[in-house]
>>> print(open('query11.cif').read())   # mmCIF, C-alpha atoms and all ligand atoms
data_final
loop_
_atom_site.group_PDB
_atom_site.id
_atom_site.type_symbol
_atom_site.label_atom_id
_atom_site.label_comp_id
_atom_site.auth_asym_id
_atom_site.auth_seq_id
_atom_site.Cartn_x
_atom_site.Cartn_y
_atom_site.Cartn_z
ATOM 1 C CA MET A 1 0.000 0.000 0.000
ATOM 2 C CA THR A 2 1.427 3.388 -0.961
ATOM 3 C CA GLY A 3 1.023 6.412 1.259
ATOM 4 C CA ILE A 4 -0.938 9.533 0.361
ATOM 5 C CA LEU A 5 0.088 13.147 -0.058
ATOM 6 C CA TYR A 6 -2.286 15.473 1.825
ATOM 7 C CA LEU A 7 -2.215 19.138 0.793
ATOM 8 C CA CYS A 8 -3.157 20.917 4.000
ATOM 9 C CA ALA A 9 -4.386 24.505 3.783
ATOM 10 C CA THR A 10 -3.382 26.470 6.893
ATOM 11 C CA PRO A 11 -4.477 29.907 8.191
ATOM 12 C CA ILE A 12 -3.261 33.056 6.412
ATOM 13 C CA GLY A 13 -3.275 35.021 9.651
ATOM 14 C CA ASN A 14 -6.028 33.897 11.973
ATOM 15 C CA LEU A 15 -5.337 30.571 13.688
ATOM 16 C CA GLN A 16 -9.047 29.991 14.179
ATOM 17 C CA ASP A 17 -9.310 29.376 10.448
ATOM 18 C CA MET A 18 -7.619 25.994 10.872
ATOM 19 C CA THR A 19 -10.008 23.250 9.760
ATOM 20 C CA PHE A 20 -10.810 20.116 11.806
ATOM 21 C CA ARG A 21 -9.761 17.929 8.924
ATOM 22 C CA VAL A 22 -6.346 19.544 8.592
ATOM 23 C CA LEU A 23 -5.766 19.235 12.347
ATOM 24 C CA GLU A 24 -6.643 15.542 12.267
ATOM 25 C CA THR A 25 -4.429 14.927 9.222
ATOM 26 C CA LEU A 26 -1.446 16.765 10.699
ATOM 27 C CA ARG A 27 -1.804 14.663 13.869
ATOM 28 C CA THR A 28 -2.044 11.320 12.105
ATOM 29 C CA ALA A 29 0.394 11.780 9.177
ATOM 30 C CA ASP A 30 3.785 10.052 9.382
ATOM 31 C CA LEU A 31 5.579 13.201 8.320
ATOM 32 C CA ILE A 32 4.814 16.880 7.820
ATOM 33 C CA ALA A 33 6.672 18.559 4.950
ATOM 34 C CA ALA A 34 6.800 22.299 5.694
ATOM 35 C CA GLU A 35 7.946 25.221 3.563
ATOM 36 C CA ASP A 36 9.463 26.917 6.612
ATOM 37 C CA THR A 37 9.841 24.627 9.609
ATOM 38 C CA ARG A 38 10.480 27.583 11.983
ATOM 39 C CA ASN A 39 7.206 29.104 10.928
ATOM 40 C CA SER A 40 5.190 25.877 11.000
ATOM 41 C CA ILE A 41 6.513 24.797 14.393
ATOM 42 C CA LYS A 42 4.606 27.736 15.931
ATOM 43 C CA LEU A 43 1.411 26.510 14.314
ATOM 44 C CA LEU A 44 2.014 22.903 15.390
ATOM 45 C CA ASN A 45 2.874 23.933 18.967
ATOM 46 C CA HIS A 46 -0.265 26.033 19.144
ATOM 47 C CA PHE A 47 -2.361 22.975 18.267
ATOM 48 C CA ASP A 48 -0.224 20.578 20.312
ATOM 49 C CA ILE A 49 0.798 18.504 17.292
ATOM 50 C CA HIS A 50 4.023 16.482 17.564
ATOM 51 C CA THR A 51 4.299 14.774 14.179
ATOM 52 C CA PRO A 52 7.883 14.761 12.805
ATOM 53 C CA MET A 53 8.582 17.567 10.375
ATOM 54 C CA THR A 54 10.944 18.028 7.442
ATOM 55 C CA SER A 55 11.620 21.042 5.234
ATOM 56 C CA TYR A 56 10.360 21.309 1.674
ATOM 57 C CA HIS A 57 11.064 24.683 0.120
ATOM 58 C CA GLU A 58 11.837 26.513 -3.125
ATOM 59 C CA TYR A 59 15.559 25.707 -2.970
ATOM 60 C CA ASN A 60 15.357 21.958 -2.279
ATOM 61 C CA LYS A 61 11.995 21.223 -3.916
ATOM 62 C CA VAL A 62 13.126 18.887 -6.710
ATOM 63 C CA GLU A 63 15.531 16.783 -4.663
ATOM 64 C CA LYS A 64 13.231 16.767 -1.633
ATOM 65 C CA ALA A 65 10.160 15.907 -3.683
ATOM 66 C CA GLY A 66 12.048 12.787 -4.865
ATOM 67 C CA GLN A 67 12.780 11.769 -1.255
ATOM 68 C CA LEU A 68 9.187 12.365 -0.167
ATOM 69 C CA VAL A 69 7.857 10.362 -3.112
ATOM 70 C CA ARG A 70 10.097 7.429 -2.128
ATOM 71 C CA LEU A 71 8.742 7.582 1.433
ATOM 72 C CA MET A 72 5.162 7.608 0.171
ATOM 73 C CA ALA A 73 5.921 4.714 -2.168
ATOM 74 C CA GLU A 74 6.964 2.797 0.978
ATOM 75 C CA GLY A 75 3.589 3.538 2.538
ATOM 76 C CA LYS A 76 4.208 6.712 4.561
ATOM 77 C CA HIS A 77 1.540 9.412 4.647
ATOM 78 C CA VAL A 78 2.879 12.933 4.118
ATOM 79 C CA ALA A 79 1.058 16.181 4.964
ATOM 80 C CA LEU A 80 2.286 19.227 3.060
ATOM 81 C CA VAL A 81 1.943 22.672 4.636
ATOM 82 C CA THR A 82 3.339 25.848 3.162
ATOM 83 C CA ASP A 83 3.955 29.164 4.896
ATOM 84 C CA ALA A 84 0.309 30.087 4.887
ATOM 85 C CA GLY A 85 -2.763 29.268 2.873
ATOM 86 C CA THR A 86 -3.291 26.583 0.281
ATOM 87 C CA PRO A 87 -0.248 24.573 -0.822
ATOM 88 C CA ALA A 88 0.601 24.794 -4.542
ATOM 89 C CA ILE A 89 -0.801 28.328 -4.854
ATOM 90 C CA SER A 90 2.283 30.511 -5.516
ATOM 91 C CA ASP A 91 4.541 28.191 -3.540
ATOM 92 C CA PRO A 92 6.650 25.075 -4.252
ATOM 93 C CA GLY A 93 3.764 22.621 -3.657
ATOM 94 C CA GLU A 94 2.996 22.046 -7.351
ATOM 95 C CA VAL A 95 6.334 20.283 -7.984
ATOM 96 C CA LEU A 96 5.572 17.654 -5.360
ATOM 97 C CA VAL A 97 2.024 17.148 -6.661
ATOM 98 C CA ARG A 98 3.330 16.577 -10.187
ATOM 99 C CA MET A 99 5.986 14.144 -9.012
ATOM 100 C CA CYS A 100 3.374 12.189 -7.032
ATOM 101 C CA GLN A 101 1.186 11.962 -10.130
ATOM 102 C CA GLU A 102 4.123 10.715 -12.191
ATOM 103 C CA ASN A 103 4.777 8.015 -9.581
ATOM 104 C CA ASN A 104 1.150 6.982 -9.029
ATOM 105 C CA ILE A 105 1.067 8.308 -5.465
ATOM 106 C CA PRO A 106 -2.448 9.467 -4.541
ATOM 107 C CA VAL A 107 -2.800 13.152 -3.718
ATOM 108 C CA THR A 108 -5.706 14.780 -1.962
ATOM 109 C CA SER A 109 -6.293 18.436 -1.095
ATOM 110 C CA LEU A 110 -7.877 19.596 2.157
ATOM 111 C CA PRO A 111 -9.467 22.949 1.310
ATOM 112 C CA GLY A 112 -9.109 25.948 3.554
ATOM 113 C CA PRO A 113 -7.729 29.495 3.611
ATOM 114 C CA CYS A 114 -6.344 31.023 0.431
ATOM 115 C CA ALA A 115 -5.407 34.711 0.150
ATOM 116 C CA CYS A 116 -6.565 34.880 -3.493
ATOM 117 C CA ILE A 117 -10.140 33.777 -2.841
ATOM 118 C CA THR A 118 -10.438 35.717 0.424
ATOM 119 C CA ALA A 119 -9.381 38.921 -1.373
ATOM 120 C CA LEU A 120 -11.613 38.309 -4.382
ATOM 121 C CA THR A 121 -14.692 37.901 -2.203
ATOM 122 C CA LEU A 122 -13.922 41.172 -0.399
ATOM 123 C CA SER A 123 -12.973 43.168 -3.485
ATOM 124 C CA GLY A 124 -16.416 44.280 -4.636
ATOM 125 C CA LEU A 125 -15.233 43.581 -8.198
ATOM 126 C CA SER A 126 -16.778 40.969 -10.447
ATOM 127 C CA ALA A 127 -16.111 37.492 -9.069
ATOM 128 C CA ARG A 128 -18.056 35.801 -11.851
ATOM 129 C CA ARG A 129 -15.006 35.532 -14.099
ATOM 130 C CA PHE A 130 -11.540 36.013 -12.696
ATOM 131 C CA CYS A 131 -7.958 34.954 -13.301
ATOM 132 C CA PHE A 132 -5.227 34.404 -10.783
ATOM 133 C CA GLU A 133 -1.856 35.878 -11.743
ATOM 134 C CA GLY A 134 -0.045 35.378 -8.418
ATOM 135 C CA PHE A 135 3.289 37.206 -8.409
ATOM 136 C CA LEU A 136 4.247 38.871 -11.691
ATOM 137 C CA PRO A 137 7.394 37.229 -13.135
ATOM 138 C CA VAL A 138 10.726 38.656 -11.980
ATOM 139 C CA ASP A 139 12.376 38.101 -15.371
ATOM 140 C CA LYS A 140 12.007 41.430 -17.252
ATOM 141 C CA ARG A 141 11.076 39.989 -20.639
ATOM 142 C CA GLU A 142 8.573 37.557 -19.222
ATOM 143 C CA ARG A 143 7.107 40.298 -17.049
ATOM 144 C CA ARG A 144 6.645 42.577 -20.060
ATOM 145 C CA MET A 145 4.909 39.779 -21.951
ATOM 146 C CA VAL A 146 2.543 39.057 -19.057
ATOM 147 C CA LEU A 147 1.734 42.760 -18.656
ATOM 148 C CA GLU A 148 1.000 43.013 -22.380
ATOM 149 C CA GLU A 149 -1.269 40.009 -22.140
ATOM 150 C CA LEU A 150 -3.094 41.557 -19.181
ATOM 151 C CA GLN A 151 -3.846 44.720 -21.192
ATOM 152 C CA GLY A 152 -6.671 42.909 -22.970
ATOM 153 C CA GLU A 153 -7.825 40.786 -20.022
ATOM 154 C CA SER A 154 -11.550 41.222 -19.427
ATOM 155 C CA ARG A 155 -11.698 39.039 -16.299
ATOM 156 C CA THR A 156 -10.987 40.365 -12.821
ATOM 157 C CA MET A 157 -7.296 39.786 -12.061
ATOM 158 C CA VAL A 158 -5.854 38.734 -8.710
ATOM 159 C CA LEU A 159 -2.180 39.402 -7.992
ATOM 160 C CA TYR A 160 0.105 38.824 -5.030
ATOM 161 C CA GLU A 161 2.776 41.352 -4.127
ATOM 162 C CA ALA A 162 5.330 41.932 -1.389
ATOM 163 C CA PRO A 163 5.092 45.353 0.330
ATOM 164 C CA HIS A 164 8.540 46.561 -0.829
ATOM 165 C CA HIS A 165 7.568 45.991 -4.477
ATOM 166 C CA LEU A 166 4.042 47.325 -4.226
ATOM 167 C CA ARG A 167 4.593 50.903 -5.439
ATOM 168 C CA GLY A 168 6.665 49.750 -8.431
ATOM 169 C CA THR A 169 4.088 47.158 -9.418
ATOM 170 C CA LEU A 170 1.205 49.634 -9.147
ATOM 171 C CA GLU A 171 3.114 52.049 -11.391
ATOM 172 C CA GLU A 172 3.751 49.329 -13.958
ATOM 173 C CA LEU A 173 0.120 48.231 -13.906
ATOM 174 C CA SER A 174 -1.038 51.800 -14.366
ATOM 175 C CA ARG A 175 1.406 52.389 -17.235
ATOM 176 C CA ASN A 176 0.400 49.211 -19.038
ATOM 177 C CA LEU A 177 -3.304 48.890 -18.304
ATOM 178 C CA GLY A 178 -4.372 52.520 -17.865
ATOM 179 C CA ASP A 179 -6.416 53.683 -14.902
ATOM 180 C CA ARG A 180 -8.661 50.959 -13.499
ATOM 181 C CA ARG A 181 -10.542 50.085 -10.370
ATOM 182 C CA ILE A 182 -8.425 48.119 -7.934
ATOM 183 C CA THR A 183 -9.044 46.790 -4.444
ATOM 184 C CA LEU A 184 -6.022 46.507 -2.186
ATOM 185 C CA CYS A 185 -6.538 43.766 0.392
ATOM 186 C CA ARG A 186 -4.042 43.933 3.204
ATOM 187 C CA GLU A 187 -3.349 41.673 6.190
ATOM 188 C CA LEU A 188 -6.381 39.498 5.511
ATOM 189 C CA THR A 189 -7.908 37.704 8.504
ATOM 190 C CA LYS A 190 -5.457 39.550 10.799
ATOM 191 C CA LYS A 191 -6.034 42.285 13.359
ATOM 192 C CA PHE A 192 -5.272 45.089 10.921
ATOM 193 C CA GLU A 193 -7.129 43.674 7.946
ATOM 194 C CA THR A 194 -7.760 46.522 5.498
ATOM 195 C CA VAL A 195 -9.754 46.464 2.287
ATOM 196 C CA MET A 196 -9.248 49.545 0.143
ATOM 197 C CA PRO A 197 -11.375 49.831 -2.999
ATOM 198 C CA THR A 198 -9.830 52.556 -5.149
ATOM 199 C CA THR A 199 -8.318 53.097 -8.610
ATOM 200 C CA LEU A 200 -4.740 52.599 -9.758
ATOM 201 C CA SER A 201 -4.197 56.372 -9.721
ATOM 202 C CA GLY A 202 -5.845 56.615 -6.270
ATOM 203 C CA ALA A 203 -3.598 53.848 -4.936
ATOM 204 C CA LEU A 204 -0.476 55.538 -6.301
ATOM 205 C CA GLU A 205 -1.542 58.799 -4.700
ATOM 206 C CA HIS A 206 -2.170 57.020 -1.379
ATOM 207 C CA PHE A 207 1.299 55.430 -1.336
ATOM 208 C CA LYS A 208 2.985 58.781 -1.964
ATOM 209 C CA THR A 209 2.531 59.449 1.732
ATOM 210 C CA GLN A 210 1.915 55.967 3.201
ATOM 211 C CA GLU A 211 4.536 53.249 3.429
ATOM 212 C CA PRO A 212 3.147 49.874 2.249
ATOM 213 C CA ARG A 213 3.307 47.446 5.170
ATOM 214 C CA GLY A 214 2.140 43.873 5.603
ATOM 215 C CA GLU A 215 0.885 41.372 3.062
ATOM 216 C CA TYR A 216 -1.131 42.488 0.055
ATOM 217 C CA VAL A 217 -3.390 40.991 -2.548
ATOM 218 C CA LEU A 218 -4.311 43.234 -5.490
ATOM 219 C CA VAL A 219 -7.648 42.674 -7.167
ATOM 220 C CA LEU A 220 -7.819 44.522 -10.462
ATOM 221 C CA GLU A 221 -10.819 45.215 -12.650
ATOM 222 C CA GLY A 222 -10.740 43.587 -16.086
ATOM 223 C CA LYS A 223 -11.083 45.567 -19.282
ATOM 224 C CA SER A 224 -14.741 46.340 -19.871
ATOM 225 C CA PHE A 225 -16.419 45.213 -23.087
ATOM 226 C CA GLN A 226 -17.284 48.859 -23.830
ATOM 227 C CA GLU A 227 -13.601 49.777 -23.590
ATOM 228 C CA GLN A 228 -12.673 46.854 -25.849
ATOM 229 C CA ARG A 229 -15.308 47.928 -28.327
ATOM 230 C CA ARG A 230 -14.097 51.535 -28.260
ATOM 231 C CA GLU A 231 -10.554 50.389 -29.012
ATOM 232 C CA GLU A 232 -11.758 48.154 -31.823
ATOM 233 C CA ILE A 233 -13.667 51.053 -33.375
ATOM 234 C CA LEU A 234 -10.612 53.303 -33.085
ATOM 235 C CA SER A 235 -8.469 50.687 -34.801
ATOM 236 C CA TRP A 236 -11.016 50.259 -37.643
ATOM 237 C CA GLU A 237 -11.237 54.004 -38.023
ATOM 238 C CA ALA A 238 -7.497 54.175 -38.562
ATOM 239 C CA MET A 239 -7.923 51.735 -41.479
ATOM 240 C CA SER A 240 -9.352 52.545 -44.910
ATOM 241 C CA ILE A 241 -12.641 50.839 -45.823
ATOM 242 C CA GLU A 242 -10.790 48.985 -48.600
ATOM 243 C CA ASP A 243 -8.238 47.601 -46.129
ATOM 244 C CA HIS A 244 -10.993 46.747 -43.708
ATOM 245 C CA MET A 245 -12.782 44.758 -46.432
ATOM 246 C CA ALA A 246 -9.519 43.075 -47.462
ATOM 247 C CA TYR A 247 -8.930 42.080 -43.832
ATOM 248 C CA TYR A 248 -12.125 39.994 -43.803
ATOM 249 C CA GLU A 249 -11.752 38.738 -47.349
ATOM 250 C CA ARG A 250 -8.308 37.386 -46.439
ATOM 251 C CA GLN A 251 -10.078 35.361 -43.765
ATOM 252 C CA GLY A 252 -12.188 33.716 -46.469
ATOM 253 C CA MET A 253 -15.370 35.859 -46.301
ATOM 254 C CA ASP A 254 -17.157 36.629 -49.565
ATOM 255 C CA SER A 255 -17.504 40.335 -50.283
ATOM 256 C CA LYS A 256 -21.167 40.479 -49.216
ATOM 257 C CA THR A 257 -20.429 39.021 -45.777
ATOM 258 C CA ALA A 258 -17.276 41.137 -45.419
ATOM 259 C CA MET A 259 -19.333 44.257 -46.221
ATOM 260 C CA LYS A 260 -21.852 43.337 -43.530
ATOM 261 C CA GLN A 261 -19.071 42.809 -41.002
ATOM 262 C CA VAL A 262 -17.305 46.061 -41.922
ATOM 263 C CA ALA A 263 -20.601 47.941 -41.547
ATOM 264 C CA ARG A 264 -21.187 46.347 -38.136
ATOM 265 C CA ASP A 265 -17.644 47.177 -36.934
ATOM 266 C CA ARG A 266 -18.053 50.794 -37.982
ATOM 267 C CA GLY A 267 -21.567 51.153 -36.659
ATOM 268 C CA VAL A 268 -22.962 52.147 -40.089
ATOM 269 C CA GLY A 269 -25.411 50.594 -42.539
ATOM 270 C CA LYS A 270 -24.379 47.966 -45.113
ATOM 271 C CA ARG A 271 -25.610 50.283 -47.854
ATOM 272 C CA ASP A 272 -23.212 53.031 -46.759
ATOM 273 C CA ILE A 273 -20.276 50.700 -47.292
ATOM 274 C CA TYR A 274 -21.711 49.529 -50.610
ATOM 275 C CA SER A 275 -22.197 53.066 -51.945
ATOM 276 C CA TYR A 276 -18.733 54.136 -50.777
ATOM 277 C CA LEU A 277 -17.104 51.196 -52.548
ATOM 278 C CA ASN A 278 -19.140 51.700 -55.722
ATOM 279 C CA LYS A 279 -18.991 55.434 -56.098
HETATM 280 N N1 LIG A 301 -0.337 29.711 -0.711
HETATM 281 C C1 LIG A 301 -0.768 31.029 -0.286
HETATM 282 C C2 LIG A 301 -2.276 31.166 -0.519
HETATM 283 O O1 LIG A 301 -2.973 30.164 -0.532
HETATM 284 O O2 LIG A 301 -2.773 32.281 -0.658
HETATM 285 C C3 LIG A 301 0.032 32.141 -0.938
HETATM 286 C C4 LIG A 301 1.494 32.078 -0.691
HETATM 287 S S1 LIG A 301 2.398 33.362 -1.425
HETATM 288 C C5 LIG A 301 4.032 32.768 -1.158
HETATM 289 C C6 LIG A 301 2.324 34.677 -0.282
HETATM 290 C C7 LIG A 301 1.539 35.876 -0.780
HETATM 291 O O3 LIG A 301 0.153 35.652 -0.540
HETATM 292 C C8 LIG A 301 1.853 37.175 -0.063
HETATM 293 O O4 LIG A 301 2.963 37.835 -0.640
HETATM 294 C C9 LIG A 301 0.578 37.969 -0.240
HETATM 295 O O5 LIG A 301 0.541 38.559 -1.519
HETATM 296 C C10 LIG A 301 -0.468 36.865 -0.162
HETATM 297 N N2 LIG A 301 -0.950 36.711 1.213
HETATM 298 C C11 LIG A 301 -0.755 35.671 2.048
HETATM 299 N N3 LIG A 301 -1.387 35.892 3.229
HETATM 300 C C12 LIG A 301 -1.984 37.088 3.148
HETATM 301 C C13 LIG A 301 -2.777 37.881 4.032
HETATM 302 N N4 LIG A 301 -3.066 37.478 5.253
HETATM 303 N N5 LIG A 301 -3.231 39.063 3.588
HETATM 304 C C14 LIG A 301 -2.957 39.505 2.341
HETATM 305 N N6 LIG A 301 -2.197 38.814 1.473
HETATM 306 C C15 LIG A 301 -1.718 37.618 1.864
#
>>> encode(input="query11.cif", output="structure tokens")
Amino acid sequence: MTGILYLCATPIGNLQDMTFRVLETLRTADLIAAEDTRNSIKLLNHFDIHTPMTSYHEYNKVEKAGQLVRLMAEGKHVALVTDAGTPAISDPGEVLVRMCQENNIPVTSLPGPCACITALTLSGLSARRFCFEGFLPVDKRERRMVLEELQGESRTMVLYEAPHHLRGTLEELSRNLGDRRITLCRELTKKFETVMPTTLSGALEHFKTQEPRGEYVLVLEGKSFQEQRREEILSWEAMSIEDHMAYYERQGMDSKTAMKQVARDRGVGKRDIYSYLNK
């Protein structure tokens, strides 16, 4: 019998958010793999849990995942906890999950706190469609590509950021995405939890005088369909009607259908396009 990997979500600030199931699993597992053992020991002491612990972090994740997989293959049950929140969300957990899958080790996830979802629910922005970006990439080229991709994103976006990078990231977002609504969610579930619905320009103004402190999640409004439409219209307007027609004809439309589409894009009647092209 192989062991199981249990992904154990732990509180993101308030210890009372610990679930019964996670407590039980941490008590009965053979081993707890923790992102930061010094951090997790406080949590385990608080709940009087004495299960042996080992470290599993960004810098030993590949080698350590191999060792943990071998232990599970021998039948040991491993509980994974990361610094806070749900393992595998912006932390090294995903590597271990993948390695377990590759080695036919069962994995199960015990749901619980997650900064992304907590922030989204408090943001006041649309939660119907959202995307999770986590931390923006550190690599400059990759970061530029992601920011470019986000320019057209119509879903609400959720980002993580460290306080010392917050101002810089807000400036970059504002430069690339224009002014938007944003909700800054700080120190969630903790004593000084703050939810600040504002705009990117409002946030930048705020941090001119206030030093960002604590942990932040940024929830950013997606591009509205009206804004997308406006941009589309502007781009069609910059094109001649002939080029606009050719654009659709290149896609295989016959001229009648292309004319209809061009008229729709430009918000005019089909006949107007027809008379212009046949004058
Ligand atoms: N796995 C975690 C989760 O489920 O949310 C996220 C881990 S990630 C390494 C840490 C980032 O999550 C922080 O930099 C911050 O952006 C966000 N975060 C974690 N706890 C938070 C809290 N209490 N309030 C606001 N943001 C938090």
>>> residues_around(input="query11.cif", residues="range 205-208 of chain A", least_positions_apart="3", cutoff="12 Å", atoms="all atoms listed in the file", output="MDAnalysis selection string")
chainID A and resid 163:171 174 184 196:202 211:213
>>> closest_residue(input="query11.cif", among="A:Gly152, A:Asn39, A:Gly75, A:Leu80", to="Val22 in chain A", atoms="all atoms listed in the file")
A:Leu80
>>> residues_around(input="query11.cif", residues="Lys76 in chain A", least_positions_apart="2", cutoff="12 Å", atoms="all atoms listed in the file", output="list of chain:residue names")
A:Met1, A:Thr2, A:Gly3, A:Ile4, A:Leu5, A:Tyr6, A:Thr28, A:Ala29, A:Asp30, A:Leu31, A:Ile32, A:Gln67, A:Leu68, A:Val69, A:Arg70, A:Leu71, A:Met72, A:Ala73, A:Glu74, A:Val78, A:Ala79, A:Ile105, A:Pro106
>>> atom_distance(input="query11.cif", atom1="CA of Ile41 in chain A", atom2="CA of Pro11 in chain A")
13.6 Å
>>> atom_distance(input="query11.cif", atom1="CA of Ala84 in chain A", atom2="CA of Arg27 in chain A")
18.0 Å
>>> closest_residue(input="query11.cif", among="A:Gly222, A:Gly85, A:Gly66, A:Pro52", to="Ser154 in chain A", atoms="all atoms listed in the file")
A:Gly222
>>> closest_residue(input="query11.cif", among="A:Glu231, A:Glu242, A:Glu102, A:Glu58", to="ligand LIG 301 (chain A)", atoms="all atoms listed in the file")
A:Glu58
>>> atom_distance(input="query11.cif", atom1="CA of Thr189 in chain A", atom2="CA of Ile12 in chain A")
6.9 Å
>>> decode(input="query11.cif", residues="range 75-124 of chain A", atoms="C-alpha atoms", output="PDB file, in the first residue's frame")
ATOM      1  CA  GLY A  75       3.589   3.538   2.538  1.00  0.00           C
ATOM      2  CA  LYS A  76       4.208   6.712   4.561  1.00  0.00           C
ATOM      3  CA  HIS A  77       1.540   9.412   4.647  1.00  0.00           C
ATOM      4  CA  VAL A  78       2.879  12.933   4.118  1.00  0.00           C
ATOM      5  CA  ALA A  79       1.058  16.181   4.964  1.00  0.00           C
ATOM      6  CA  LEU A  80       2.286  19.227   3.060  1.00  0.00           C
ATOM      7  CA  VAL A  81       1.943  22.672   4.636  1.00  0.00           C
ATOM      8  CA  THR A  82       3.339  25.848   3.162  1.00  0.00           C
ATOM      9  CA  ASP A  83       3.955  29.164   4.896  1.00  0.00           C
ATOM     10  CA  ALA A  84       0.309  30.087   4.887  1.00  0.00           C
ATOM     11  CA  GLY A  85      -2.763  29.268   2.873  1.00  0.00           C
ATOM     12  CA  THR A  86      -3.291  26.583   0.281  1.00  0.00           C
ATOM     13  CA  PRO A  87      -0.248  24.573  -0.822  1.00  0.00           C
ATOM     14  CA  ALA A  88       0.601  24.794  -4.542  1.00  0.00           C
ATOM     15  CA  ILE A  89      -0.801  28.328  -4.854  1.00  0.00           C
ATOM     16  CA  SER A  90       2.283  30.511  -5.516  1.00  0.00           C
ATOM     17  CA  ASP A  91       4.541  28.191  -3.540  1.00  0.00           C
ATOM     18  CA  PRO A  92       6.650  25.075  -4.252  1.00  0.00           C
ATOM     19  CA  GLY A  93       3.764  22.621  -3.657  1.00  0.00           C
ATOM     20  CA  GLU A  94       2.996  22.046  -7.351  1.00  0.00           C
ATOM     21  CA  VAL A  95       6.334  20.283  -7.984  1.00  0.00           C
ATOM     22  CA  LEU A  96       5.572  17.654  -5.360  1.00  0.00           C
ATOM     23  CA  VAL A  97       2.024  17.148  -6.661  1.00  0.00           C
ATOM     24  CA  ARG A  98       3.330  16.577 -10.187  1.00  0.00           C
ATOM     25  CA  MET A  99       5.986  14.144  -9.012  1.00  0.00           C
ATOM     26  CA  CYS A 100       3.374  12.189  -7.032  1.00  0.00           C
ATOM     27  CA  GLN A 101       1.186  11.962 -10.130  1.00  0.00           C
ATOM     28  CA  GLU A 102       4.123  10.715 -12.191  1.00  0.00           C
ATOM     29  CA  ASN A 103       4.777   8.015  -9.581  1.00  0.00           C
ATOM     30  CA  ASN A 104       1.150   6.982  -9.029  1.00  0.00           C
ATOM     31  CA  ILE A 105       1.067   8.308  -5.465  1.00  0.00           C
ATOM     32  CA  PRO A 106      -2.448   9.467  -4.541  1.00  0.00           C
ATOM     33  CA  VAL A 107      -2.800  13.152  -3.718  1.00  0.00           C
ATOM     34  CA  THR A 108      -5.706  14.780  -1.962  1.00  0.00           C
ATOM     35  CA  SER A 109      -6.293  18.436  -1.095  1.00  0.00           C
ATOM     36  CA  LEU A 110      -7.877  19.596   2.157  1.00  0.00           C
ATOM     37  CA  PRO A 111      -9.467  22.949   1.310  1.00  0.00           C
ATOM     38  CA  GLY A 112      -9.109  25.948   3.554  1.00  0.00           C
ATOM     39  CA  PRO A 113      -7.729  29.495   3.611  1.00  0.00           C
ATOM     40  CA  CYS A 114      -6.344  31.023   0.431  1.00  0.00           C
ATOM     41  CA  ALA A 115      -5.407  34.711   0.150  1.00  0.00           C
ATOM     42  CA  CYS A 116      -6.565  34.880  -3.493  1.00  0.00           C
ATOM     43  CA  ILE A 117     -10.140  33.777  -2.841  1.00  0.00           C
ATOM     44  CA  THR A 118     -10.438  35.717   0.424  1.00  0.00           C
ATOM     45  CA  ALA A 119      -9.381  38.921  -1.373  1.00  0.00           C
ATOM     46  CA  LEU A 120     -11.613  38.309  -4.382  1.00  0.00           C
ATOM     47  CA  THR A 121     -14.692  37.901  -2.203  1.00  0.00           C
ATOM     48  CA  LEU A 122     -13.922  41.172  -0.399  1.00  0.00           C
ATOM     49  CA  SER A 123     -12.973  43.168  -3.485  1.00  0.00           C
ATOM     50  CA  GLY A 124     -16.416  44.280  -4.636  1.00  0.00           C
TER      51      GLY A 124
END
